[in-house]
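Enquirer: Supplied structure: model-v9.txt, compact mmCIF, C-alpha atoms and all ligand atoms.
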```txt
# COMPACT_ATOMS: atom_id res chain seq x y z
CA MET A 1312 76.31 -76.15 -168.13
CA ARG A 1313 75.48 -73.47 -170.68
CA LYS A 1314 77.93 -70.58 -171.05
CA LEU A 1315 76.97 -66.94 -170.99
CA GLU A 1316 78.31 -65.76 -174.36
CA GLY A 1317 78.66 -62.09 -175.26
CA ARG A 1318 78.65 -59.03 -173.02
CA LYS A 1319 75.05 -57.92 -173.50
CA ILE A 1320 72.40 -58.79 -170.95
CA VAL A 1321 68.96 -57.49 -169.97
CA VAL A 1322 68.22 -56.84 -166.31
CA ALA A 1323 64.57 -57.88 -166.24
CA SER A 1324 63.21 -55.60 -163.53
CA HIS A 1325 61.24 -52.37 -163.27
CA ASN A 1326 62.02 -51.96 -159.55
CA LYS A 1327 64.36 -48.98 -159.11
CA GLY A 1328 65.81 -50.30 -155.84
CA LYS A 1329 66.68 -53.67 -157.36
CA LEU A 1330 68.06 -52.08 -160.55
CA ALA A 1331 70.42 -49.87 -158.54
CA GLU A 1332 71.69 -52.91 -156.62
CA PHE A 1333 72.12 -54.98 -159.81
CA ALA A 1334 73.99 -52.09 -161.44
CA ASP A 1335 76.47 -52.07 -158.51
CA LEU A 1336 76.86 -55.85 -158.52
CA ILE A 1337 77.32 -56.22 -162.28
CA ALA A 1338 79.62 -53.18 -162.74
CA PRO A 1339 82.97 -55.03 -162.31
CA PHE A 1340 82.15 -57.45 -165.14
CA GLY A 1341 81.95 -54.99 -168.06
CA PHE A 1342 78.50 -56.01 -169.28
CA GLU A 1343 76.27 -53.80 -171.35
CA ALA A 1344 73.34 -54.31 -168.99
CA GLY A 1345 70.13 -52.59 -170.11
CA SER A 1346 67.04 -52.63 -167.92
CA ALA A 1347 63.61 -53.87 -169.03
CA ALA A 1348 62.40 -50.25 -169.19
CA GLU A 1349 65.37 -49.25 -171.36
CA TYR A 1350 64.30 -51.96 -173.82
CA GLY A 1351 60.70 -50.68 -173.63
CA LEU A 1352 59.42 -53.96 -172.18
CA PRO A 1353 56.13 -54.18 -170.26
CA GLU A 1354 56.08 -55.52 -166.70
CA PRO A 1355 54.73 -59.09 -166.90
CA GLU A 1356 52.12 -60.27 -164.43
CA GLU A 1357 53.68 -62.36 -161.66
CA THR A 1358 51.28 -65.28 -161.60
CA GLY A 1359 53.61 -67.86 -159.99
CA THR A 1360 53.38 -69.20 -156.46
CA THR A 1361 57.14 -69.58 -155.92
CA PHE A 1362 60.08 -67.19 -156.23
CA GLU A 1363 61.48 -69.44 -158.97
CA GLU A 1364 58.29 -69.31 -161.05
CA ASN A 1365 58.02 -65.53 -160.85
CA ALA A 1366 61.72 -65.04 -161.53
CA TYR A 1367 61.34 -67.20 -164.66
CA ILE A 1368 58.27 -65.28 -165.88
CA LYS A 1369 60.23 -62.00 -165.71
CA ALA A 1370 63.51 -63.29 -167.14
CA PHE A 1371 61.98 -65.30 -169.98
CA ALA A 1372 59.65 -62.45 -171.01
CA ALA A 1373 62.67 -60.14 -171.34
CA ALA A 1374 64.87 -62.74 -173.06
CA SER A 1375 62.26 -63.71 -175.64
CA ALA A 1376 61.40 -60.07 -176.40
CA THR A 1377 65.02 -58.95 -176.87
CA GLY A 1378 66.80 -62.08 -178.09
CA LEU A 1379 69.36 -61.58 -175.31
CA PRO A 1380 70.04 -63.48 -172.09
CA ALA A 1381 68.11 -61.88 -169.23
CA LEU A 1382 68.64 -61.75 -165.51
CA SER A 1383 65.75 -61.27 -163.10
CA ASP A 1384 65.29 -61.33 -159.36
CA ASP A 1385 62.19 -62.41 -157.51
CA SER A 1386 62.50 -61.68 -153.87
CA GLY A 1387 60.59 -61.20 -150.68
CA LEU A 1388 60.42 -61.27 -146.95
CA MET A 1389 59.50 -64.49 -145.11
CA VAL A 1390 58.40 -63.98 -141.51
CA ASP A 1391 58.47 -67.09 -139.31
CA ALA A 1392 55.58 -66.01 -137.05
CA LEU A 1393 53.45 -65.44 -140.16
CA ASP A 1394 54.19 -68.90 -141.60
CA GLY A 1395 56.49 -67.46 -144.27
CA ALA A 1396 54.22 -64.57 -145.34
CA PRO A 1397 54.35 -62.21 -147.14
CA GLY A 1398 56.79 -64.36 -149.22
CA VAL A 1399 56.06 -64.13 -152.94
CA TYR A 1400 53.37 -61.54 -152.11
CA THR A 1401 55.81 -59.11 -150.44
CA ALA A 1402 55.31 -56.39 -153.07
CA ASN A 1403 51.51 -56.88 -153.03
CA TRP A 1404 51.33 -55.99 -149.33
CA ALA A 1405 52.44 -52.48 -150.33
CA GLU A 1406 49.51 -51.94 -152.71
CA LEU A 1407 47.06 -49.14 -151.96
CA PRO A 1408 43.45 -49.05 -153.27
CA ASP A 1409 44.53 -46.69 -156.09
CA GLY A 1410 47.08 -49.28 -157.31
CA THR A 1411 50.20 -47.41 -156.16
CA ARG A 1412 52.72 -49.00 -153.75
CA ASP A 1413 53.58 -47.62 -150.33
CA PHE A 1414 56.14 -49.50 -148.24
CA ALA A 1415 55.41 -47.57 -145.05
CA HIS A 1416 51.94 -49.08 -145.38
CA ALA A 1417 53.42 -52.54 -146.09
CA MET A 1418 55.62 -52.38 -142.98
CA GLN A 1419 52.66 -51.22 -140.87
CA LEU A 1420 50.59 -54.13 -142.17
CA THR A 1421 53.40 -56.57 -141.32
CA GLU A 1422 53.73 -55.09 -137.83
CA GLY A 1423 49.96 -55.33 -137.28
CA LYS A 1424 49.99 -59.02 -138.20
CA LEU A 1425 52.97 -59.67 -135.89
CA ARG A 1426 51.10 -58.00 -133.00
CA GLU A 1427 47.98 -60.08 -133.73
CA LYS A 1428 50.24 -63.12 -133.19
CA GLY A 1429 51.63 -61.58 -129.98
CA ALA A 1430 55.09 -61.47 -131.59
CA THR A 1431 56.50 -58.51 -129.70
CA GLY A 1432 59.87 -59.89 -128.48
CA GLY A 1433 62.91 -60.13 -130.77
CA LYS A 1434 63.02 -63.93 -130.75
CA GLU A 1435 59.41 -64.12 -132.02
CA ARG A 1436 60.09 -61.72 -134.87
CA THR A 1437 62.62 -63.70 -136.89
CA GLY A 1438 62.55 -64.00 -140.65
CA ARG A 1439 64.61 -63.77 -143.78
CA PHE A 1440 64.91 -62.00 -147.08
CA VAL A 1441 65.06 -64.37 -150.03
CA SER A 1442 66.22 -63.60 -153.56
CA VAL A 1443 66.04 -65.98 -156.49
CA ILE A 1444 67.96 -64.76 -159.51
CA CYS A 1445 66.96 -66.38 -162.79
CA LEU A 1446 69.15 -66.31 -165.88
CA ALA A 1447 67.01 -67.13 -168.92
CA TRP A 1448 67.92 -67.47 -172.57
CA PRO A 1449 65.61 -66.60 -175.49
CA ASP A 1450 65.01 -70.32 -176.19
CA GLY A 1451 63.55 -70.79 -172.70
CA GLU A 1452 66.45 -72.49 -170.93
CA ALA A 1453 67.03 -71.10 -167.44
CA GLU A 1454 69.21 -71.39 -164.36
CA TYR A 1455 68.49 -70.26 -160.80
CA PHE A 1456 70.63 -68.85 -157.98
CA ARG A 1457 69.15 -68.41 -154.48
CA GLY A 1458 70.38 -66.16 -151.70
CA GLU A 1459 68.95 -65.75 -148.18
CA VAL A 1460 69.77 -63.57 -145.18
CA ASP A 1461 68.38 -64.24 -141.70
CA GLY A 1462 67.39 -61.49 -139.31
CA HIS A 1463 64.51 -60.06 -137.32
CA LEU A 1464 61.93 -57.33 -137.74
CA VAL A 1465 62.21 -54.16 -135.69
CA TRP A 1466 59.56 -51.58 -134.81
CA PRO A 1467 59.54 -48.69 -135.43
CA PRO A 1468 61.36 -48.89 -138.77
CA ARG A 1469 64.85 -47.31 -138.74
CA GLY A 1470 66.80 -45.64 -141.55
CA GLU A 1471 66.07 -43.86 -144.80
CA ARG A 1472 68.34 -45.85 -147.10
CA GLY A 1473 67.65 -48.80 -149.37
CA PHE A 1474 64.09 -49.56 -150.47
CA GLY A 1475 61.03 -51.65 -149.66
CA TYR A 1476 61.09 -53.22 -146.18
CA ASP A 1477 64.76 -52.33 -145.52
CA PRO A 1478 64.07 -50.06 -142.50
CA MET A 1479 62.29 -52.91 -140.69
CA PHE A 1480 64.88 -55.64 -141.27
CA GLN A 1481 67.92 -56.11 -139.04
CA PRO A 1482 70.21 -58.87 -140.28
CA ASP A 1483 71.70 -61.27 -137.70
CA GLY A 1484 75.05 -60.11 -136.33
CA PHE A 1485 74.43 -56.40 -137.04
CA ASP A 1486 73.05 -53.53 -134.93
CA ALA A 1487 71.82 -51.61 -137.97
CA THR A 1488 68.80 -52.28 -140.15
CA PHE A 1489 69.23 -52.51 -143.93
CA GLY A 1490 67.63 -49.05 -144.01
CA GLU A 1491 70.51 -47.68 -141.92
CA MET A 1492 73.29 -49.32 -143.96
CA SER A 1493 75.16 -47.85 -146.88
CA ALA A 1494 74.74 -49.52 -150.27
CA ALA A 1495 78.21 -51.03 -149.86
CA GLU A 1496 77.40 -52.52 -146.44
CA LYS A 1497 74.05 -53.95 -147.54
CA HIS A 1498 74.81 -55.42 -150.95
CA GLY A 1499 78.45 -54.64 -151.70
CA TRP A 1500 80.22 -57.59 -153.29
CA LYS A 1501 82.95 -57.81 -155.90
CA PRO A 1502 85.00 -60.68 -157.34
CA GLY A 1503 87.41 -61.93 -154.69
CA ASP A 1504 85.21 -61.02 -151.71
CA ALA A 1505 84.54 -64.14 -149.65
CA THR A 1506 81.12 -63.12 -148.39
CA ALA A 1507 78.17 -60.92 -149.21
CA LEU A 1508 75.45 -59.77 -146.82
CA SER A 1509 72.15 -59.17 -148.58
CA HIS A 1510 70.03 -61.92 -150.09
CA ARG A 1511 70.43 -60.38 -153.57
CA ALA A 1512 74.21 -60.04 -153.24
CA ARG A 1513 74.40 -63.68 -152.04
CA ALA A 1514 72.35 -64.86 -155.01
CA PHE A 1515 74.45 -62.73 -157.37
CA GLN A 1516 77.65 -64.14 -155.88
CA LYS A 1517 76.44 -67.66 -156.80
CA PHE A 1518 75.51 -66.46 -160.30
CA ALA A 1519 78.90 -64.81 -160.78
CA ARG A 1520 80.80 -67.86 -159.57
CA SER A 1521 78.81 -70.20 -161.78
CA LYS A 1522 78.41 -68.15 -164.95
CA LEU A 1523 81.15 -65.52 -164.89
CA GLY A 1524 83.91 -67.78 -163.65
CA CYS A 1525 85.05 -65.64 -160.74
CA GLU A 1526 85.88 -66.59 -157.15
P1 LIG A 1601 59.10 -58.79 -156.51
O1 LIG A 1601 60.37 -59.59 -156.49
O2 LIG A 1601 58.99 -57.90 -157.67
O3 LIG A 1601 57.90 -59.68 -156.32
O4 LIG A 1601 59.13 -57.80 -155.27
C1 LIG A 1601 59.73 -58.18 -154.09
C2 LIG A 1601 59.43 -57.16 -153.01
O5 LIG A 1601 60.14 -57.61 -151.85
C3 LIG A 1601 59.95 -55.78 -153.29
O6 LIG A 1601 58.97 -54.94 -153.84
C4 LIG A 1601 60.35 -55.27 -151.92
O7 LIG A 1601 59.26 -54.72 -151.27
C5 LIG A 1601 60.72 -56.53 -151.17
N1 LIG A 1601 62.16 -56.66 -151.19
C6 LIG A 1601 62.92 -57.49 -151.95
N2 LIG A 1601 64.21 -57.29 -151.75
C7 LIG A 1601 64.29 -56.31 -150.83
C8 LIG A 1601 65.39 -55.65 -150.24
O8 LIG A 1601 66.57 -55.87 -150.53
N3 LIG A 1601 65.05 -54.70 -149.34
C9 LIG A 1601 63.78 -54.39 -149.01
N4 LIG A 1601 62.73 -54.95 -149.55
C10 LIG A 1601 62.98 -55.91 -150.47
```
Can you turn what I pasted into structure tokens?
Ligand code: IMP
Expert:
Amino acid sequence: MRKLEGRKIVVASHNKGKLAEFADLIAPFGFEAGSAAEYGLPEPEETGTTFEENAYIKAFAAASATGLPALSDDSGLMVDALDGAPGVYTANWAELPDGTRDFAHAMQLTEGKLREKGATGGKERTGRFVSVICLAWPDGEAEYFRGEVDGHLVWPPRGERGFGYDPMFQPDGFDATFGEMSAAEKHGWKPGDATALSHRARAFQKFARSKLGCE
């Protein structure tokens, strides 16, 4: 398995919520981790139909443009009653006619579709957040790390923290939604911690164990 040499890496995302979470997760490892925007990189079009394909598009674009290894995340919400939708199209459901994104609108759309299916009780509203982290090198080689967290969708949304669909998602075993949790509760993980909660923290934990040699 290829080693991650050097301490410089690009975090291939333009999403402020994801970047903040990656910054927390990567902090203990002493990387110089610049974001795609800091390197002046454009946001590539996500033309894939799987999380892996889209994660690769983002990571490889950043790696080839900078000559550095790049780390991306493609993630989304998969709702059982909606046959896994919005899935890779989770961000698209937030798009307004003027091209901007509004996640209150995205959550309303998701709720409307759940009601069309008659999914009003907790057991009918199950789903999961999925994150696929891709580590790509400038020559095109790549590795993938997948994290998932099961839960159910609440209505109305609760909490002002986090980003995206966080206020609508309550992970199994917790009374709070991701929108009500602190950053540390949602995605806190550091070397030595046995478990992580969020999909992204779980994917990062696998990446760190595999590539950064920590337990
Ligand atoms: P993409 O990975 O850029 O395609 O975007 C994934 C979308 O999924 C984001 O824009 C968010 O709306 C949603 N998403 C992914 N991870 C989270 C999370 O941790 N909390 C809330 N929403 C998320």
Enquirer: Per residue of chain A within 6 Å of ligand LIG 1601 (chain A), which atom pair is closest and at what distance in Å (one decimal), using all atoms listed in the file, listed by chain and increasing number, as a Markdown table?
Expert:
```
| residue | atom | partner | partner_atom | distance |
| --- | --- | --- | --- | --- |
| A:Asp1384 | CA | A:LIG1601 | O1 | 6.0 |
| A:Asp1385 | CA | A:LIG1601 | O1 | 3.5 |
| A:Ser1386 | CA | A:LIG1601 | O1 | 4.0 |
| A:Gly1387 | CA | A:LIG1601 | O5 | 3.8 |
| A:Val1399 | CA | A:LIG1601 | O3 | 5.9 |
| A:Thr1401 | CA | A:LIG1601 | O5 | 4.8 |
| A:Ala1402 | CA | A:LIG1601 | O6 | 4.0 |
| A:Phe1474 | CA | A:LIG1601 | C9 | 5.1 |
| A:Gly1475 | CA | A:LIG1601 | N4 | 3.7 |
| A:Tyr1476 | CA | A:LIG1601 | C9 | 4.1 |
| A:Asp1477 | CA | A:LIG1601 | C9 | 4.2 |
```
Enquirer: Which residues of region 1486-1515 of chain A sit at most 12 Å from region 1314-1334 of chain A, using all atoms listed in the file? Give each one's shortest atom pair and distance in Å (one decimal place), in chain and ascending residue order, as a Markdown table.
Expert:
```
| residue | atom | partner | partner_atom | distance |
| --- | --- | --- | --- | --- |
| A:Ser1493 | CA | A:Glu1332 | CA | 11.5 |
| A:Ala1494 | CA | A:Glu1332 | CA | 7.8 |
| A:Ala1495 | CA | A:Glu1332 | CA | 9.6 |
| A:Glu1496 | CA | A:Glu1332 | CA | 11.7 |
| A:Lys1497 | CA | A:Glu1332 | CA | 9.4 |
| A:His1498 | CA | A:Glu1332 | CA | 6.9 |
| A:Gly1499 | CA | A:Glu1332 | CA | 8.5 |
| A:Trp1500 | CA | A:Glu1332 | CA | 10.3 |
| A:Lys1501 | CA | A:Phe1333 | CA | 11.9 |
| A:Ser1509 | CA | A:Glu1332 | CA | 10.2 |
| A:His1510 | CA | A:Glu1332 | CA | 11.3 |
| A:Arg1511 | CA | A:Glu1332 | CA | 8.2 |
| A:Ala1512 | CA | A:Glu1332 | CA | 8.3 |
| A:Arg1513 | CA | A:Phe1333 | CA | 11.9 |
| A:Ala1514 | CA | A:Phe1333 | CA | 11.0 |
| A:Phe1515 | CA | A:Phe1333 | CA | 8.5 |
```
Enquirer: Could you give me, as an mmCIF file with C-alpha atoms, keeping the file's coordinate frame, the residues within 12 Å of Phe1485 (chain A), counting all atoms listed in the file and dropping anything in the same chain fewer than 2 positions from it?
Expert:
```
data_model
loop_
_atom_site.group_PDB
_atom_site.id
_atom_site.type_symbol
_atom_site.label_atom_id
_atom_site.label_comp_id
_atom_site.auth_asym_id
_atom_site.auth_seq_id
_atom_site.Cartn_x
_atom_site.Cartn_y
_atom_site.Cartn_z
ATOM 1 C CA VAL A 1460 69.770 -63.570 -145.180
ATOM 2 C CA ASP A 1461 68.380 -64.240 -141.700
ATOM 3 C CA GLY A 1462 67.390 -61.490 -139.310
ATOM 4 C CA HIS A 1463 64.510 -60.060 -137.320
ATOM 5 C CA PHE A 1480 64.880 -55.640 -141.270
ATOM 6 C CA GLN A 1481 67.920 -56.110 -139.040
ATOM 7 C CA PRO A 1482 70.210 -58.870 -140.280
ATOM 8 C CA ASP A 1483 71.700 -61.270 -137.700
ATOM 9 C CA ALA A 1487 71.820 -51.610 -137.970
ATOM 10 C CA THR A 1488 68.800 -52.280 -140.150
ATOM 11 C CA PHE A 1489 69.230 -52.510 -143.930
ATOM 12 C CA GLU A 1491 70.510 -47.680 -141.920
ATOM 13 C CA MET A 1492 73.290 -49.320 -143.960
ATOM 14 C CA GLU A 1496 77.400 -52.520 -146.440
ATOM 15 C CA LYS A 1497 74.050 -53.950 -147.540
ATOM 16 C CA LEU A 1508 75.450 -59.770 -146.820
#
```
Enquirer: For Lys1428 (chain A), find every residue with an atom within 10 Å (counting all atoms listed in the file), except residues of its own chain fewer than 6 positions away, and show them as an NGL selection string.
Expert: :A and (1392-1393 or 1422 or 1435)
Enquirer: Extending 8 Å beyond the listed atoms of region 1446-1454 of chain A on each side, what axis-aligned box results? I want centre and edge lengths in Å to one decimal, as AutoDock Vina command-line options.
Expert:
```
--center_x 66.4 --center_y -69.4 --center_z -170.3 --size_x 21.7 --size_y 22.2 --size_z 27.8
```
Enquirer: What does the distance from CA of Lys1517 (chain A) to CA of Leu1388 (chain A) come to in Å, to one decimal?
Expert: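 It comes out at 19.9 Å.
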Enquirer: May I ask you to restore N, CA and C atoms in region 1419-1438 of chain A and write the result as a PDB file, in the frame of the given file?
Expert:
```
ATOM      1  N   GLN A1419      53.714 -51.343-141.894  1.00  0.00           N
ATOM      2  CA  GLN A1419      52.660 -51.220-140.870  1.00  0.00           C
ATOM      3  C   GLN A1419      51.772 -52.459-140.867  1.00  0.00           C
ATOM      4  N   LEU A1420      51.431 -52.927-142.044  1.00  0.00           N
ATOM      5  CA  LEU A1420      50.590 -54.130-142.170  1.00  0.00           C
ATOM      6  C   LEU A1420      51.308 -55.337-141.560  1.00  0.00           C
ATOM      7  N   THR A1421      52.599 -55.460-141.856  1.00  0.00           N
ATOM      8  CA  THR A1421      53.400 -56.570-141.320  1.00  0.00           C
ATOM      9  C   THR A1421      53.447 -56.484-139.796  1.00  0.00           C
ATOM     10  N   GLU A1422      53.672 -55.276-139.280  1.00  0.00           N
ATOM     11  CA  GLU A1422      53.730 -55.090-137.830  1.00  0.00           C
ATOM     12  C   GLU A1422      52.385 -55.440-137.182  1.00  0.00           C
ATOM     13  N   GLY A1423      51.297 -55.018-137.816  1.00  0.00           N
ATOM     14  CA  GLY A1423      49.960 -55.330-137.280  1.00  0.00           C
ATOM     15  C   GLY A1423      49.741 -56.828-137.182  1.00  0.00           C
ATOM     16  N   LYS A1424      50.185 -57.553-138.195  1.00  0.00           N
ATOM     17  CA  LYS A1424      49.990 -59.020-138.200  1.00  0.00           C
ATOM     18  C   LYS A1424      50.876 -59.675-137.131  1.00  0.00           C
ATOM     19  N   LEU A1425      52.088 -59.123-136.941  1.00  0.00           N
ATOM     20  CA  LEU A1425      52.970 -59.670-135.890  1.00  0.00           C
ATOM     21  C   LEU A1425      52.329 -59.451-134.514  1.00  0.00           C
ATOM     22  N   ARG A1426      51.734 -58.282-134.303  1.00  0.00           N
ATOM     23  CA  ARG A1426      51.100 -58.000-133.000  1.00  0.00           C
ATOM     24  C   ARG A1426      49.890 -58.897-132.780  1.00  0.00           C
ATOM     25  N   GLU A1427      49.132 -59.158-133.857  1.00  0.00           N
ATOM     26  CA  GLU A1427      47.980 -60.080-133.730  1.00  0.00           C
ATOM     27  C   GLU A1427      48.446 -61.442-133.233  1.00  0.00           C
ATOM     28  N   LYS A1428      49.673 -61.821-133.601  1.00  0.00           N
ATOM     29  CA  LYS A1428      50.240 -63.120-133.190  1.00  0.00           C
ATOM     30  C   LYS A1428      50.931 -62.998-131.833  1.00  0.00           C
ATOM     31  N   GLY A1429      50.944 -61.798-131.258  1.00  0.00           N
ATOM     32  CA  GLY A1429      51.630 -61.580-129.980  1.00  0.00           C
ATOM     33  C   GLY A1429      53.140 -61.610-130.118  1.00  0.00           C
ATOM     34  N   ALA A1430      53.645 -61.402-131.339  1.00  0.00           N
ATOM     35  CA  ALA A1430      55.090 -61.470-131.590  1.00  0.00           C
ATOM     36  C   ALA A1430      55.724 -60.109-131.332  1.00  0.00           C
ATOM     37  N   THR A1431      55.960 -59.820-130.052  1.00  0.00           N
ATOM     38  CA  THR A1431      56.500 -58.510-129.700  1.00  0.00           C
ATOM     39  C   THR A1431      57.985 -58.579-129.298  1.00  0.00           C
ATOM     40  N   GLY A1432      58.456 -59.743-128.877  1.00  0.00           N
ATOM     41  CA  GLY A1432      59.870 -59.890-128.480  1.00  0.00           C
ATOM     42  C   GLY A1432      60.721 -60.272-129.690  1.00  0.00           C
ATOM     43  N   GLY A1433      62.008 -59.894-129.647  1.00  0.00           N
ATOM     44  CA  GLY A1433      62.910 -60.130-130.770  1.00  0.00           C
ATOM     45  C   GLY A1433      62.917 -61.562-131.283  1.00  0.00           C
ATOM     46  N   LYS A1434      62.906 -62.515-130.342  1.00  0.00           N
ATOM     47  CA  LYS A1434      63.020 -63.930-130.750  1.00  0.00           C
ATOM     48  C   LYS A1434      61.797 -64.411-131.534  1.00  0.00           C
ATOM     49  N   GLU A1435      60.650 -63.720-131.318  1.00  0.00           N
ATOM     50  CA  GLU A1435      59.410 -64.120-132.020  1.00  0.00           C
ATOM     51  C   GLU A1435      59.277 -63.413-133.353  1.00  0.00           C
ATOM     52  N   ARG A1436      60.240 -62.560-133.687  1.00  0.00           N
ATOM     53  CA  ARG A1436      60.090 -61.720-134.870  1.00  0.00           C
ATOM     54  C   ARG A1436      61.152 -62.047-135.929  1.00  0.00           C
ATOM     55  N   THR A1437      61.568 -63.298-135.952  1.00  0.00           N
ATOM     56  CA  THR A1437      62.620 -63.700-136.890  1.00  0.00           C
ATOM     57  C   THR A1437      62.053 -63.895-138.299  1.00  0.00           C
ATOM     58  N   GLY A1438      62.947 -63.795-139.258  1.00  0.00           N
ATOM     59  CA  GLY A1438      62.550 -64.000-140.650  1.00  0.00           C
ATOM     60  C   GLY A1438      63.747 -63.898-141.546  1.00  0.00           C
TER      61      GLY A1438
END
```
